[in-house]
>>> print(open('structure_4.csv').read())   # CSV, C-alpha atoms
chain,number,residue,atom,x,y,z
A,23,ALA,CA,154.5,93.2,168.0
A,24,SER,CA,152.1,96.1,168.7
A,25,PRO,CA,153.7,99.2,170.3
A,26,PRO,CA,152.9,99.8,174.0
A,27,ASP,CA,149.9,102.1,174.8
A,28,SER,CA,150.4,105.6,176.3
A,29,SER,CA,150.6,104.2,179.8
A,30,GLN,CA,153.4,101.9,178.9
A,31,ARG,CA,155.9,104.1,177.0
A,32,LEU,CA,159.4,102.8,177.2
A,33,SER,CA,162.2,104.7,178.8
A,34,CYS,CA,165.9,104.1,178.3
A,35,ALA,CA,166.1,102.1,181.5
A,36,ASP,CA,163.1,100.0,180.4
A,37,TYR,CA,164.7,99.3,177.0
A,38,ALA,CA,167.9,98.2,178.7
A,39,SER,CA,166.0,95.7,180.8
A,40,ARG,CA,163.9,94.5,177.8
A,41,LYS,CA,160.6,95.5,179.2
A,42,PRO,CA,157.7,94.3,177.1
A,43,GLY,CA,157.4,96.4,174.0
A,44,TRP,CA,161.1,96.7,173.3
A,45,ASP,CA,160.8,94.8,170.0
A,46,ALA,CA,158.8,97.7,168.6
A,47,VAL,CA,161.7,100.1,168.9
A,48,ARG,CA,163.3,101.2,165.6
A,49,LEU,CA,165.5,104.0,166.8
A,50,VAL,CA,167.7,104.5,169.9
A,51,MET,CA,168.5,108.2,170.1
A,52,GLY,CA,171.4,109.1,172.4
A,53,VAL,CA,171.9,112.7,173.5
A,54,ALA,CA,175.4,113.7,174.5
A,55,THR,CA,175.0,115.9,177.6
A,56,GLY,CA,177.3,117.1,180.4
A,57,PRO,CA,176.7,116.1,184.0
A,58,SER,CA,175.6,119.6,185.0
A,59,ASN,CA,173.4,120.3,182.0
A,60,ARG,CA,170.1,119.5,183.7
A,61,LYS,CA,168.3,122.5,182.2
A,62,ARG,CA,169.1,121.3,178.7
A,63,ARG,CA,167.9,117.8,179.4
A,64,ASP,CA,164.7,119.2,180.9
A,65,ALA,CA,164.2,121.4,177.9
A,66,ILE,CA,164.5,118.4,175.6
A,67,ARG,CA,162.0,116.4,177.8
A,68,GLN,CA,159.6,119.3,177.4
A,69,THR,CA,160.0,119.7,173.6
A,70,TRP,CA,161.0,117.1,171.1
A,71,MET,CA,160.8,114.2,173.5
A,72,ARG,CA,157.0,114.8,173.4
A,73,TRP,CA,156.7,113.5,169.9
A,74,PRO,CA,154.2,110.6,170.0
A,75,SER,CA,156.8,108.1,168.9
A,76,VAL,CA,159.0,108.6,171.9
A,77,GLY,CA,158.6,105.5,174.2
A,78,ARG,CA,157.2,103.5,171.3
A,79,SER,CA,159.3,103.3,168.2
A,80,VAL,CA,162.0,105.6,169.6
A,81,VAL,CA,163.9,105.4,172.9
A,82,VAL,CA,165.8,108.5,174.1
A,83,CYS,CA,168.9,108.1,176.3
A,84,PHE,CA,171.0,111.0,177.8
A,85,ALA,CA,174.6,109.9,177.7
A,86,VAL,CA,176.6,111.0,180.7
A,87,GLY,CA,180.0,109.9,182.1
A,88,ARG,CA,180.5,109.1,185.7
A,89,ARG,CA,184.3,109.3,186.2
A,90,GLN,CA,185.8,112.5,187.7
A,91,VAL,CA,182.3,113.8,188.4
A,92,PRO,CA,181.9,115.4,191.9
A,93,LYS,CA,180.0,113.2,194.4
A,94,SER,CA,177.4,115.8,195.0
A,95,LEU,CA,176.6,116.0,191.3
A,96,LEU,CA,176.5,112.2,191.1
A,97,VAL,CA,173.9,112.2,193.8
A,98,GLN,CA,171.8,114.6,191.7
A,99,LEU,CA,172.3,112.5,188.6
A,100,ASP,CA,171.2,109.4,190.4
A,101,ALA,CA,168.1,111.1,191.6
A,102,GLU,CA,167.4,112.4,188.1
A,103,ALA,CA,167.9,108.9,186.7
A,104,SER,CA,165.4,107.4,189.2
A,105,LEU,CA,162.9,110.1,188.3
A,106,HIS,CA,163.1,110.0,184.5
A,107,ARG,CA,164.8,106.7,183.8
A,108,ASP,CA,166.4,108.1,180.7
A,109,LEU,CA,170.0,108.5,181.6
A,110,LEU,CA,172.6,106.2,180.1
A,111,PHE,CA,175.7,106.2,182.3
A,112,LEU,CA,179.1,105.7,180.6
A,113,PRO,CA,182.4,104.5,182.3
A,114,VAL,CA,184.3,107.6,181.1
A,115,SER,CA,185.4,110.9,182.5
A,116,ASP,CA,183.0,113.8,182.0
A,117,GLY,CA,182.6,117.4,182.8
A,118,CYS,CA,186.3,118.2,182.7
A,119,VAL,CA,186.1,119.9,179.3
A,120,SER,CA,183.3,121.9,177.7
A,121,MET,CA,183.0,119.6,174.7
A,122,VAL,CA,182.2,115.9,174.3
A,123,SER,CA,185.5,113.9,174.5
A,124,ILE,CA,186.5,111.2,172.0
A,125,GLY,CA,186.4,108.6,174.7
A,126,LYS,CA,182.8,109.5,175.7
A,127,ALA,CA,181.7,109.5,172.0
A,128,TYR,CA,183.1,106.0,171.4
A,129,ALA,CA,181.7,104.8,174.8
A,130,TYR,CA,178.2,105.9,173.7
A,131,TRP,CA,178.3,104.0,170.4
A,132,SER,CA,179.6,100.9,172.2
A,133,ALA,CA,176.9,101.2,174.9
A,134,ALA,CA,174.1,101.8,172.4
A,135,SER,CA,175.3,98.8,170.4
A,136,ARG,CA,174.9,96.6,173.5
A,137,LEU,CA,171.4,98.0,174.1
A,138,THR,CA,170.3,97.0,170.6
A,139,ARG,CA,171.9,93.6,170.6
A,140,GLY,CA,169.3,90.9,169.9
A,141,ALA,CA,166.7,93.2,168.5
A,142,PRO,CA,164.3,91.2,166.3
A,143,VAL,CA,164.2,94.0,163.7
A,144,MET,CA,167.4,96.0,162.8
A,145,PRO,CA,167.1,99.3,164.6
A,146,PHE,CA,169.0,102.5,164.0
A,147,ILE,CA,171.3,104.2,166.6
A,148,ALA,CA,171.6,108.0,166.5
A,149,LYS,CA,173.5,110.6,168.5
A,150,ALA,CA,172.6,114.3,168.9
A,151,ASP,CA,173.9,117.0,171.2
A,152,ASP,CA,171.9,118.5,174.0
A,153,ASP,CA,171.7,121.8,172.2
A,154,SER,CA,170.1,120.2,169.1
A,155,PHE,CA,166.4,120.0,168.3
A,156,VAL,CA,165.6,116.7,166.6
A,157,ASN,CA,162.5,116.5,164.3
A,158,LEU,CA,161.7,112.9,165.0
A,159,PRO,CA,158.9,112.4,162.5
A,160,LEU,CA,161.0,113.6,159.6
A,161,LEU,CA,164.0,111.5,160.8
A,162,GLU,CA,161.9,108.4,161.2
A,163,GLN,CA,160.3,108.9,157.8
A,164,MET,CA,163.8,109.2,156.2
A,165,LEU,CA,165.1,106.1,158.0
A,166,SER,CA,162.1,104.0,157.1
A,167,LYS,CA,163.5,104.1,153.5
A,168,LEU,CA,166.9,102.9,154.6
A,169,HIS,CA,166.0,100.0,156.8
A,170,CYS,CA,167.8,97.5,154.5
A,171,VAL,CA,171.1,99.4,154.6
A,172,GLU,CA,173.0,97.4,157.2
A,173,ARG,CA,176.1,99.5,157.3
A,174,LEU,CA,174.6,103.0,157.1
A,175,TYR,CA,176.5,106.0,158.4
A,176,LEU,CA,174.3,109.1,158.0
A,177,GLY,CA,174.5,112.8,158.8
A,178,ALA,CA,175.7,116.2,157.4
A,179,LEU,CA,179.0,115.0,156.1
A,180,ALA,CA,182.2,117.0,156.0
A,181,PHE,CA,185.8,115.9,155.3
A,182,VAL,CA,188.9,116.3,157.4
A,183,GLY,CA,192.3,114.9,158.0
A,184,PHE,CA,192.9,113.6,161.5
A,185,HIS,CA,196.1,113.0,163.5
A,186,PRO,CA,195.6,109.8,165.5
A,187,LEU,CA,198.5,110.5,167.9
A,188,HIS,CA,197.9,114.1,168.7
A,189,LEU,CA,194.1,113.8,168.2
A,190,ARG,CA,193.9,116.9,166.1
A,191,ASN,CA,192.0,117.8,162.9
A,192,CYS,CA,193.8,119.2,159.8
A,193,GLY,CA,192.3,120.4,156.6
A,194,PHE,CA,188.5,120.7,157.2
A,195,ALA,CA,186.5,120.9,154.0
A,196,TRP,CA,183.0,120.1,152.7
A,197,GLY,CA,184.6,117.8,150.1
A,198,GLY,CA,187.9,116.7,148.6
A,199,SER,CA,191.4,117.1,149.8
A,200,ARG,CA,192.3,120.6,148.7
A,201,ALA,CA,192.3,122.0,152.3
A,202,TYR,CA,194.3,118.9,153.5
A,203,GLU,CA,196.9,119.7,150.8
A,204,ARG,CA,196.9,123.4,151.3
A,205,TYR,CA,197.8,123.1,155.0
A,206,ALA,CA,200.4,120.4,154.4
A,207,CYS,CA,198.5,118.1,156.7
A,208,ALA,CA,200.4,115.0,155.5
A,209,ALA,CA,203.6,116.4,156.7
A,210,THR,CA,202.2,116.6,160.3
A,211,GLY,CA,201.3,112.9,160.2
A,212,ALA,CA,197.6,113.4,159.7
A,213,HIS,CA,195.5,110.7,158.2
A,214,PRO,CA,194.2,111.6,154.7
A,215,PRO,CA,190.7,113.2,154.8
A,216,VAL,CA,187.7,111.0,155.5
A,217,PRO,CA,184.0,111.8,155.7
A,218,PHE,CA,182.5,112.4,159.1
A,219,ALA,CA,179.0,113.3,160.3
A,220,LEU,CA,178.7,116.6,162.2
A,221,GLY,CA,177.8,116.3,165.8
A,222,GLN,CA,174.3,117.8,165.7
A,223,LEU,CA,173.0,114.5,164.3
A,224,GLN,CA,174.7,111.2,163.5
A,225,VAL,CA,173.0,107.9,162.7
A,226,MET,CA,174.4,104.4,162.3
A,227,ALA,CA,172.6,101.2,161.5
A,228,ALA,CA,172.9,98.9,164.5
A,229,PRO,CA,175.2,96.3,162.6
A,230,LEU,CA,177.7,99.1,161.8
A,231,ALA,CA,177.7,100.3,165.4
A,232,ALA,CA,178.3,96.7,166.5
A,233,ARG,CA,181.3,96.5,164.2
A,234,LEU,CA,182.6,99.8,165.5
A,235,ALA,CA,182.2,98.6,169.1
A,236,ALA,CA,184.1,95.4,168.3
A,237,SER,CA,187.0,97.2,166.6
A,238,ALA,CA,190.2,96.9,168.5
A,239,GLU,CA,191.7,99.7,166.5
A,240,ALA,CA,188.8,102.0,167.4
A,241,ARG,CA,189.0,101.1,171.1
A,242,ALA,CA,192.7,101.8,171.2
A,243,LEU,CA,192.2,105.2,169.8
A,244,ALA,CA,189.4,105.9,172.3
A,245,ASP,CA,191.5,104.6,175.2
A,246,ARG,CA,194.4,106.9,174.1
A,247,ALA,CA,192.1,109.8,174.1
A,248,GLU,CA,190.8,109.0,177.6
A,249,ASP,CA,194.4,109.3,178.8
A,250,GLN,CA,194.4,112.9,177.5
A,251,PRO,CA,191.4,114.4,179.4
A,252,ASN,CA,191.9,117.9,178.0
A,253,THR,CA,191.3,116.6,174.4
A,254,ASN,CA,188.0,118.0,173.1
A,255,ALA,CA,186.1,119.2,170.1
A,256,ASN,CA,187.5,116.5,167.7
A,257,GLU,CA,185.3,113.6,168.7
A,258,ASP,CA,183.2,113.7,165.5
A,259,ALA,CA,186.2,113.5,163.2
A,260,ALA,CA,187.7,110.7,165.4
A,261,ILE,CA,184.5,108.7,165.0
A,262,GLY,CA,184.5,109.3,161.3
A,263,LEU,CA,188.1,108.0,161.1
A,264,MET,CA,187.1,104.9,163.1
A,265,VAL,CA,184.1,104.3,160.8
A,266,SER,CA,186.3,104.8,157.7
A,267,ARG,CA,188.5,101.8,158.8
A,268,LEU,CA,185.5,99.5,158.6
A,269,ARG,CA,184.5,97.8,155.4
A,270,ASN,CA,181.6,98.5,153.0
A,271,VAL,CA,180.2,101.5,154.8
A,272,THR,CA,177.3,103.3,153.1
A,273,TYR,CA,177.6,107.1,153.5
>>> encode(input="structure_4.csv", output="structure tokens")
Amino acid sequence: ASPPDSSQRLSCADYASRKPGWDAVRLVMGVATGPSNRKRRDAIRQTWMRWPSVGRSVVVCFAVGRRQVPKSLLVQLDAEASLHRDLLFLPVSDGCVSMVSIGKAYAYWSAASRLTRGAPVMPFIAKADDDSFVNLPLLEQMLSKLHCVERLYLGALAFVGFHPLHLRNCGFAWGGSRAYERYACAATGAHPPVPFALGQLQVMAAPLAARLAASAEARALADRAEDQPNTNANEDAAIGLMVSRLRNVTY
């Protein structure tokens, strides 16, 4: 199908409702953002969201939780969503900590997987932070060479051990297990180091995201994290651990 013309660019809300033109989308780009980070969202709308592909081959969704958000702020978010149609609301707590929580990160990948379900051509799903600048032309060019990799997990990869009960990292390194061994992470009960994509930009092929969303083990870890609202800063490693438990992942 031909992409929509400039007067028919798709927004996140349009894509969710399968407005005509949705089958031209090749990338769903989620931006993790806090409920009160309106200035950051507006900065993105005025900068890299102005690439010509946005609303055509790329749909951008700002991921925001609704639980434990003050009612006055929810009113503002609803007005913003009506104006821009680019907010993706998640059923998780948000705004209680300065970083993205593990529960919110997993909720985004699950929600994005539902958005892309039934796409006629396998799309990619990405996640960035609201303080990242995404060069969409370069990203799309790179992904165009990887469209056959159904279980792709892409990003700037590091390695770390992760404690699934205490939700803590141990032994961060750019490769190997030397830091894990140096800090005796195994003795603390931490899982051996696995690769994880840093939070500035993470990409999954839609089939891999669907498998992540369907994983009972991953959901249990995310639910445990939601019961600990003060947990923060370890969401990228947690997603990396979840992905490592799936089969035949291409890093």
>>> closest_residue(input="structure_4.csv", among="A:Leu223, A:Leu49, A:Ala201, A:Met264", to="Asp151 (chain A)", atoms="all atoms listed in the file")
A:Leu223
>>> atom_distance(input="structure_4.csv", atom1="CA of Lys61 (chain A)", atom2="CA of Ser79 (chain A)")
25.4 Å
>>> residues_around(input="structure_4.csv", residues="Trp131 (chain A)", least_positions_apart="3", cutoff="10 Å", atoms="all atoms listed in the file", output="list in words")
Gly52, Lys126, Ala127, Tyr128, Ala134, Ser135, Arg136, Leu137, Ile147, Ala148, Lys149, Met226, Ala228, Leu230, Ala231, Ala232, Leu234, Ala235 and Ile261 of chain A
>>> residues_around(input="structure_4.csv", residues="Met164 (chain A)", least_positions_apart="2", cutoff="12 Å", atoms="all atoms listed in the file", output="MDAnalysis selection string")
chainID A and resid 49 146 157:162 166:169 176:177 225
>>> residues_around(input="structure_4.csv", residues="Cys83 (chain A)", least_positions_apart="2", cutoff="12 Å", atoms="only C-alpha atoms", output="mmCIF file with C-alpha atoms, in the frame of the given file")
data_model
loop_
_atom_site.group_PDB
_atom_site.id
_atom_site.type_symbol
_atom_site.label_atom_id
_atom_site.label_comp_id
_atom_site.auth_asym_id
_atom_site.auth_seq_id
_atom_site.Cartn_x
_atom_site.Cartn_y
_atom_site.Cartn_z
ATOM 1 C CA LEU A 32 159.400 102.800 177.200
ATOM 2 C CA SER A 33 162.200 104.700 178.800
ATOM 3 C CA CYS A 34 165.900 104.100 178.300
ATOM 4 C CA ALA A 35 166.100 102.100 181.500
ATOM 5 C CA ASP A 36 163.100 100.000 180.400
ATOM 6 C CA TYR A 37 164.700 99.300 177.000
ATOM 7 C CA ALA A 38 167.900 98.200 178.700
ATOM 8 C CA LEU A 49 165.500 104.000 166.800
ATOM 9 C CA VAL A 50 167.700 104.500 169.900
ATOM 10 C CA MET A 51 168.500 108.200 170.100
ATOM 11 C CA GLY A 52 171.400 109.100 172.400
ATOM 12 C CA VAL A 53 171.900 112.700 173.500
ATOM 13 C CA ALA A 54 175.400 113.700 174.500
ATOM 14 C CA THR A 55 175.000 115.900 177.600
ATOM 15 C CA ARG A 63 167.900 117.800 179.400
ATOM 16 C CA ILE A 66 164.500 118.400 175.600
ATOM 17 C CA ARG A 67 162.000 116.400 177.800
ATOM 18 C CA MET A 71 160.800 114.200 173.500
ATOM 19 C CA VAL A 76 159.000 108.600 171.900
ATOM 20 C CA GLY A 77 158.600 105.500 174.200
ATOM 21 C CA VAL A 80 162.000 105.600 169.600
ATOM 22 C CA VAL A 81 163.900 105.400 172.900
ATOM 23 C CA ALA A 85 174.600 109.900 177.700
ATOM 24 C CA VAL A 86 176.600 111.000 180.700
ATOM 25 C CA ALA A 103 167.900 108.900 186.700
ATOM 26 C CA HIS A 106 163.100 110.000 184.500
ATOM 27 C CA ARG A 107 164.800 106.700 183.800
ATOM 28 C CA ASP A 108 166.400 108.100 180.700
ATOM 29 C CA LEU A 109 170.000 108.500 181.600
ATOM 30 C CA LEU A 110 172.600 106.200 180.100
ATOM 31 C CA PHE A 111 175.700 106.200 182.300
ATOM 32 C CA LEU A 112 179.100 105.700 180.600
ATOM 33 C CA TYR A 130 178.200 105.900 173.700
ATOM 34 C CA TRP A 131 178.300 104.000 170.400
ATOM 35 C CA ALA A 133 176.900 101.200 174.900
ATOM 36 C CA ALA A 134 174.100 101.800 172.400
ATOM 37 C CA LEU A 137 171.400 98.000 174.100
ATOM 38 C CA ILE A 147 171.300 104.200 166.600
ATOM 39 C CA ALA A 148 171.600 108.000 166.500
ATOM 40 C CA LYS A 149 173.500 110.600 168.500
ATOM 41 C CA ALA A 150 172.600 114.300 168.900
ATOM 42 C CA ASP A 151 173.900 117.000 171.200
ATOM 43 C CA ASP A 152 171.900 118.500 174.000
#
>>> closest_residue(input="structure_4.csv", among="A:Cys192, A:Leu174, A:Met144, A:Val265", to="Thr210 (chain A)", atoms="all atoms listed in the file")
A:Cys192
>>> residues_around(input="structure_4.csv", residues="region 203-205 of chain A", least_positions_apart="3", cutoff="10 Å", atoms="only C-alpha atoms", output="MDAnalysis selection string")
chainID A and resid 183 192:194 198:200 208:210 214:215
>>> atom_distance(input="structure_4.csv", atom1="CA of Val82 (chain A)", atom2="CA of Ser94 (chain A)")
25.0 Å
>>> atom_distance(input="structure_4.csv", atom1="CA of Ala180 (chain A)", atom2="CA of Gly125 (chain A)")
20.9 Å
>>> residues_near_point(input="structure_4.csv", point="(192.9, 112.5, 159.1)", cutoff="9 Å", atoms="all atoms listed in the file", output="number ranges by chain")
A: 181-186, 190-193, 202, 207-208, 211-216, 259-260, 263
>>> closest_residue(input="structure_4.csv", among="A:Val271, A:Leu165, A:Ile124, A:Val47", to="Arg241 (chain A)", atoms="only C-alpha atoms")
A:Ile124
>>> closest_residue(input="structure_4.csv", among="A:Val143, A:Leu105, A:Leu96, A:Ala206", to="Trp44 (chain A)", atoms="all atoms listed in the file")
A:Val143
>>> decode(input="structure_4.csv", residues="region 131-214 of chain A", atoms="C-alpha atoms", output="PDB file, in the first residue's frame")
ATOM      1  CA  TRP A 131       6.814  -3.792  25.072  1.00  0.00           C
ATOM      2  CA  SER A 132       3.578  -5.673  25.729  1.00  0.00           C
ATOM      3  CA  ALA A 133       1.404  -2.765  24.587  1.00  0.00           C
ATOM      4  CA  ALA A 134       3.535  -2.163  21.487  1.00  0.00           C
ATOM      5  CA  SER A 135       3.288  -5.849  20.654  1.00  0.00           C
ATOM      6  CA  ARG A 136      -0.506  -5.582  20.714  1.00  0.00           C
ATOM      7  CA  LEU A 137      -0.330  -2.510  18.460  1.00  0.00           C
ATOM      8  CA  THR A 138       1.647  -4.367  15.808  1.00  0.00           C
ATOM      9  CA  ARG A 139      -0.381  -7.572  15.930  1.00  0.00           C
ATOM     10  CA  GLY A 140      -1.716  -8.457  12.498  1.00  0.00           C
ATOM     11  CA  ALA A 141       0.623  -6.154  10.588  1.00  0.00           C
ATOM     12  CA  PRO A 142       0.888  -7.379   6.963  1.00  0.00           C
ATOM     13  CA  VAL A 143       4.651  -6.769   6.928  1.00  0.00           C
ATOM     14  CA  MET A 144       6.799  -7.490   9.976  1.00  0.00           C
ATOM     15  CA  PRO A 145       7.440  -4.152  11.702  1.00  0.00           C
ATOM     16  CA  PHE A 146      10.093  -3.272  14.216  1.00  0.00           C
ATOM     17  CA  ILE A 147       9.348  -1.970  17.698  1.00  0.00           C
ATOM     18  CA  ALA A 148      11.748   0.454  19.339  1.00  0.00           C
ATOM     19  CA  LYS A 149      12.024   2.256  22.633  1.00  0.00           C
ATOM     20  CA  ALA A 150      13.948   5.443  23.424  1.00  0.00           C
ATOM     21  CA  ASP A 151      14.059   7.776  26.410  1.00  0.00           C
ATOM     22  CA  ASP A 152      12.627  11.279  26.291  1.00  0.00           C
ATOM     23  CA  ASP A 153      16.118  12.762  26.600  1.00  0.00           C
ATOM     24  CA  SER A 154      17.327  10.911  23.488  1.00  0.00           C
ATOM     25  CA  PHE A 155      17.558  12.342  19.984  1.00  0.00           C
ATOM     26  CA  VAL A 156      16.703   9.643  17.440  1.00  0.00           C
ATOM     27  CA  ASN A 157      18.121   9.943  13.923  1.00  0.00           C
ATOM     28  CA  LEU A 158      15.250   8.178  12.188  1.00  0.00           C
ATOM     29  CA  PRO A 159      16.682   8.142   8.643  1.00  0.00           C
ATOM     30  CA  LEU A 160      19.815   6.332   9.807  1.00  0.00           C
ATOM     31  CA  LEU A 161      17.808   3.976  12.013  1.00  0.00           C
ATOM     32  CA  GLU A 162      15.377   3.099   9.236  1.00  0.00           C
ATOM     33  CA  GLN A 163      18.243   2.551   6.798  1.00  0.00           C
ATOM     34  CA  MET A 164      19.901   0.147   9.226  1.00  0.00           C
ATOM     35  CA  LEU A 165      16.698  -1.740   9.955  1.00  0.00           C
ATOM     36  CA  SER A 166      15.876  -2.114   6.271  1.00  0.00           C
ATOM     37  CA  LYS A 167      18.802  -4.544   6.058  1.00  0.00           C
ATOM     38  CA  LEU A 168      17.495  -6.596   8.981  1.00  0.00           C
ATOM     39  CA  HIS A 169      13.848  -7.039   8.012  1.00  0.00           C
ATOM     40  CA  CYS A 170      14.203 -10.827   7.762  1.00  0.00           C
ATOM     41  CA  VAL A 171      15.576 -11.237  11.296  1.00  0.00           C
ATOM     42  CA  GLU A 172      12.427 -12.251  13.157  1.00  0.00           C
ATOM     43  CA  ARG A 173      13.999 -12.408  16.607  1.00  0.00           C
ATOM     44  CA  LEU A 174      16.172  -9.317  16.507  1.00  0.00           C
ATOM     45  CA  TYR A 175      17.221  -7.517  19.704  1.00  0.00           C
ATOM     46  CA  LEU A 176      19.318  -4.467  18.825  1.00  0.00           C
ATOM     47  CA  GLY A 177      21.014  -1.639  20.676  1.00  0.00           C
ATOM     48  CA  ALA A 178      24.269  -0.630  22.309  1.00  0.00           C
ATOM     49  CA  LEU A 179      24.848  -3.850  24.246  1.00  0.00           C
ATOM     50  CA  ALA A 180      26.447  -4.209  27.660  1.00  0.00           C
ATOM     51  CA  PHE A 181      26.524  -7.182  30.051  1.00  0.00           C
ATOM     52  CA  VAL A 182      25.429  -7.425  33.655  1.00  0.00           C
ATOM     53  CA  GLY A 183      24.332  -9.935  36.245  1.00  0.00           C
ATOM     54  CA  PHE A 184      20.839  -9.374  37.620  1.00  0.00           C
ATOM     55  CA  HIS A 185      19.231 -10.415  40.893  1.00  0.00           C
ATOM     56  CA  PRO A 186      15.620 -11.336  40.020  1.00  0.00           C
ATOM     57  CA  LEU A 187      14.421 -11.181  43.637  1.00  0.00           C
ATOM     58  CA  HIS A 188      16.030  -7.932  44.739  1.00  0.00           C
ATOM     59  CA  LEU A 189      15.857  -6.431  41.221  1.00  0.00           C
ATOM     60  CA  ARG A 190      19.456  -5.241  41.353  1.00  0.00           C
ATOM     61  CA  ASN A 191      22.342  -5.291  38.896  1.00  0.00           C
ATOM     62  CA  CYS A 192      25.723  -6.786  39.705  1.00  0.00           C
ATOM     63  CA  GLY A 193      28.934  -6.799  37.682  1.00  0.00           C
ATOM     64  CA  PHE A 194      28.309  -4.360  34.809  1.00  0.00           C
ATOM     65  CA  ALA A 195      30.767  -4.742  31.912  1.00  0.00           C
ATOM     66  CA  TRP A 196      31.000  -4.165  28.171  1.00  0.00           C
ATOM     67  CA  GLY A 197      31.667  -7.854  27.684  1.00  0.00           C
ATOM     68  CA  GLY A 198      32.399 -11.109  29.484  1.00  0.00           C
ATOM     69  CA  SER A 199      32.021 -12.065  33.134  1.00  0.00           C
ATOM     70  CA  ARG A 200      35.146 -10.636  34.772  1.00  0.00           C
ATOM     71  CA  ALA A 201      33.237  -7.908  36.662  1.00  0.00           C
ATOM     72  CA  TYR A 202      30.571 -10.459  37.677  1.00  0.00           C
ATOM     73  CA  GLU A 203      33.295 -12.672  39.143  1.00  0.00           C
ATOM     74  CA  ARG A 204      35.263  -9.788  40.649  1.00  0.00           C
ATOM     75  CA  TYR A 205      32.290  -8.632  42.710  1.00  0.00           C
ATOM     76  CA  ALA A 206      31.252 -12.184  43.670  1.00  0.00           C
ATOM     77  CA  CYS A 207      27.832 -11.623  42.164  1.00  0.00           C
ATOM     78  CA  ALA A 208      26.983 -15.327  42.133  1.00  0.00           C
ATOM     79  CA  ALA A 209      27.189 -15.384  45.929  1.00  0.00           C
ATOM     80  CA  THR A 210      24.444 -12.757  46.105  1.00  0.00           C
ATOM     81  CA  GLY A 211      22.122 -14.880  43.979  1.00  0.00           C
ATOM     82  CA  ALA A 212      22.516 -12.775  40.850  1.00  0.00           C
ATOM     83  CA  HIS A 213      21.827 -14.407  37.493  1.00  0.00           C
ATOM     84  CA  PRO A 214      24.973 -14.812  35.334  1.00  0.00           C
TER      85      PRO A 214
END
